[in-house]
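Heads up, the thing below is written out as structure tokens.
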Amino acid sequence: MFNIYNRRYTGSKYKLRDWIRDLIRNNCEGNSFFDVFAGTGVVTEYMLKDYENYIINDFLYSNEIIYKGFFLQENYNMDKLMQMVEEYNSINKMNLGENYVSINFGDKYFNRNDAKLIGKIREDLESKIKKSMINSKEYYILLASLLFSIDKIANTCGHYDAYRRIDNIESRFKYELILPKTINKNQTIEIYREDANVLVKRVKTDIAFIDPPYNSRQYSRFYHVLENITKWEKPELYGTALKPKEENMSEYCRSSAPKIFKDLINNLDAKYVVVTYNNTYNSKSSASKNKITLDEIKSILNEKGETKIFDKPYKFFNAGKTELKNHREYVFITKVKSNG
Ligand SMILES: C[S@@+](CC[C@H](N)C(=O)[O-])C[C@H]1O[C@@H](n2cnc3c(N)ncnc32)[C@H](O)[C@@H]1O
């Protein structure tokens, strides 16, 4: 069964989670935790014993479904889901007809027969929820499980900016379930799929964890296959990477990032603000260059309250073009001024 961290995701803080959690525990106080750019959700998951109230947000559709699959506290029947998955895995893929996934992604991101089964399962989930054969939590678990199962075998180097050009992609797809989390009765978790700058105006928290994109690489373009399969609107696709029309293009990946970051921090209603960032702005590849400098972050946070800075060396995602020596990861912790 998949845990929430069994995913390839650029910028995931999985390997830094102990460091981040210790820093937060030692420098912040409170009962609520808001993961503003939650990505995989591994940071929230790691903090689940520490607070009473959680808010988790990311503007990608696939991430929202994954949070709902893992975290939403509603009833589901695991035996029923296991049986369904077993039935799907026993289907003879060769006998399946073509569908949206196989036509677009077959022999590219997936083996053609695997793609047929992925498309069949996705279509089935939609019809099962419409006919009330599964409830909404069961739907989220099954769809999140499909996303993890796809991601495990996709013919890519970790994201979907390109597929590897090989002749015979091995058939490796197996539908496996995620392992949903149970939280205590006194705990709450709210899940959002919103632009962070819009959401911060409506919610309040003790500790806000801010881990925005660092460079010009757009997450919605990297994970377009997962977004497409999640939304299931079957759009027309373009280019060799077979991407749909642009959606959810982040201002944090553009030159407006410092301005938008300042706006976010100004509007945040929190007692502590925790920001992570890294020093790739010296990178030779322009796509990897930081959009906000450390000095800009420092001065924006200093206006909000007293800010401490912690850093450590870190080996970072590298798709080949990027040369990153002396890469460091930073955590800023701001104790917000009472009028801040
Ligand atoms: C560096 S990643 C976060 C990684 C996460 N902390 C983890 O450990 O997996 C940044 C995330 O911000 C999301 N994002 C980018 N711009 C956003 C925006 N304006 N509002 C909400 N989410 C956004 C991206 O989809 C991406 O998942």
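By convention here, the chains of the structure tokens are called A, B, ... in the order presented, each chain's residues are numbered starting at 1, and ligands are numbered starting at 1 in the order presented.
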### DSSP-assigned helix (DSSP H, G or I) among region 209-253 of chain A, expressed as a PyMOL selection string
chain A and resi 219-222+224-231+251-253
### Task
Dump the neighbourhood of ligand 1 as a PyMOL selection string: all residues within 7 Å, distances computed on only C-alpha atoms and all ligand atoms.
chain A and resi 9-14+36-43+57-60+194-197+211-214+219-220+250-252
### Query
Among region 79-302 of chain A, which ones does DSSP place in strand (DSSP E), written as an NGL selection string?
:A and (188-192 or 204-210 or 269-278)
Residues as selected, C-alpha atoms, written as a PDB file, in the first residue's frame, can you do that?
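This went into result_13.pdb:
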ATOM      1  CA  THR A 188      -9.662  18.664  12.296  1.00  0.00           C
ATOM      2  CA  ILE A 189      -8.260  18.965   8.807  1.00  0.00           C
ATOM      3  CA  GLU A 190      -9.522  21.349   6.134  1.00  0.00           C
ATOM      4  CA  ILE A 191      -8.528  20.719   2.519  1.00  0.00           C
ATOM      5  CA  TYR A 192      -8.386  23.461  -0.128  1.00  0.00           C
ATOM      6  CA  LYS A 204      -6.362  32.010  10.365  1.00  0.00           C
ATOM      7  CA  THR A 205      -3.685  29.779  11.882  1.00  0.00           C
ATOM      8  CA  ASP A 206      -1.001  29.673  14.541  1.00  0.00           C
ATOM      9  CA  ILE A 207       1.745  28.319  12.282  1.00  0.00           C
ATOM     10  CA  ALA A 208       1.839  28.909   8.528  1.00  0.00           C
ATOM     11  CA  PHE A 209       4.251  26.774   6.541  1.00  0.00           C
ATOM     12  CA  ILE A 210       5.192  28.394   3.225  1.00  0.00           C
ATOM     13  CA  ASP A 269      -3.122  35.861   9.704  1.00  0.00           C
ATOM     14  CA  ALA A 270      -0.671  33.716  11.698  1.00  0.00           C
ATOM     15  CA  LYS A 271       1.405  33.810  14.876  1.00  0.00           C
ATOM     16  CA  TYR A 272       4.423  32.213  13.213  1.00  0.00           C
ATOM     17  CA  VAL A 273       5.458  32.127   9.588  1.00  0.00           C
ATOM     18  CA  VAL A 274       7.835  29.381   8.473  1.00  0.00           C
ATOM     19  CA  VAL A 275       9.306  29.745   4.970  1.00  0.00           C
ATOM     20  CA  THR A 276      11.576  27.288   3.177  1.00  0.00           C
ATOM     21  CA  TYR A 277      13.680  28.256   0.227  1.00  0.00           C
ATOM     22  CA  ASN A 278      16.945  27.297  -1.460  1.00  0.00           C
TER      23      ASN A 278
END
### Task
May I have the residues within 7 Å of region 164-179 of chain A as a list in words, using only C-alpha atoms and disregarding those fewer than 5 positions away in the same chain?
Met1, Phe2, Asn3, Phe70, Val85, Asn89, Asp107, Phe110, Asn111, Asp114, Ile141, Leu142, Ser145, Leu146, Ser149, Ile153, Asn155 and Thr156 of chain A
Next, the residues of the selection above should be written as an mmCIF file, in the first residue's frame with C-alpha atoms.
data_model
loop_
_atom_site.group_PDB
_atom_site.id
_atom_site.type_symbol
_atom_site.label_atom_id
_atom_site.label_comp_id
_atom_site.auth_asym_id
_atom_site.auth_seq_id
_atom_site.Cartn_x
_atom_site.Cartn_y
_atom_site.Cartn_z
ATOM 1 C CA MET A 1 0.000 0.000 0.000
ATOM 2 C CA PHE A 2 1.194 3.493 -0.782
ATOM 3 C CA ASN A 3 2.144 6.013 1.852
ATOM 4 C CA PHE A 70 -5.364 10.294 2.674
ATOM 5 C CA VAL A 85 -8.635 -3.368 -7.021
ATOM 6 C CA ASN A 89 -5.835 -6.217 -11.707
ATOM 7 C CA ASP A 107 3.661 3.754 -26.063
ATOM 8 C CA PHE A 110 2.927 4.072 -20.526
ATOM 9 C CA ASN A 111 2.941 0.674 -22.181
ATOM 10 C CA ASP A 114 -1.221 -0.529 -19.351
ATOM 11 C CA ILE A 141 -9.100 6.802 -2.204
ATOM 12 C CA LEU A 142 -9.490 4.936 -5.506
ATOM 13 C CA SER A 145 -4.494 5.202 -5.595
ATOM 14 C CA LEU A 146 -4.695 5.299 -9.397
ATOM 15 C CA SER A 149 0.016 3.534 -9.245
ATOM 16 C CA ILE A 153 5.442 3.082 -13.501
ATOM 17 C CA ASN A 155 8.063 6.200 -18.440
ATOM 18 C CA THR A 156 9.581 9.486 -17.251
#
### Neighbour list for Ser216 (chain A) as an NGL selection string, cut-off 8 Å, only C-alpha atoms, skip fewer than 2 positions in-chain
:A and (213-214 or 218 or 252-254 or 287-291)
### Message
Calculated over only C-alpha atoms, which of the candidates A:Trp232, A:Tyr100, A:Tyr5, A:Phe34 has the smallest distance to Arg112 (chain A)?
### Response
A:Tyr100
### Task
Rank A:Asp311, A:Glu87, A:Glu123, A:Asp263 by their smallest atom-to-atom distance to Lys201 (chain A), using only C-alpha atoms, and report the top residue only.
A:Asp263
### Query
Which residue out of A:Asn186, A:Asn266, A:Asn279, A:Asn95 has the minimum interatomic distance to Lys337 (chain A) when only C-alpha atoms are used?
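Checking each candidate against Lys337 (chain A), we get A:Asn266 as the closest.
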### Task
Check the smallest atom-to-atom distance from each of A:Leu96, A:Asn267, A:Thr44, A:Gln187 to Leu199 (chain A) using only C-alpha atoms, then report the winner.
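Closest candidate: A:Asn267.
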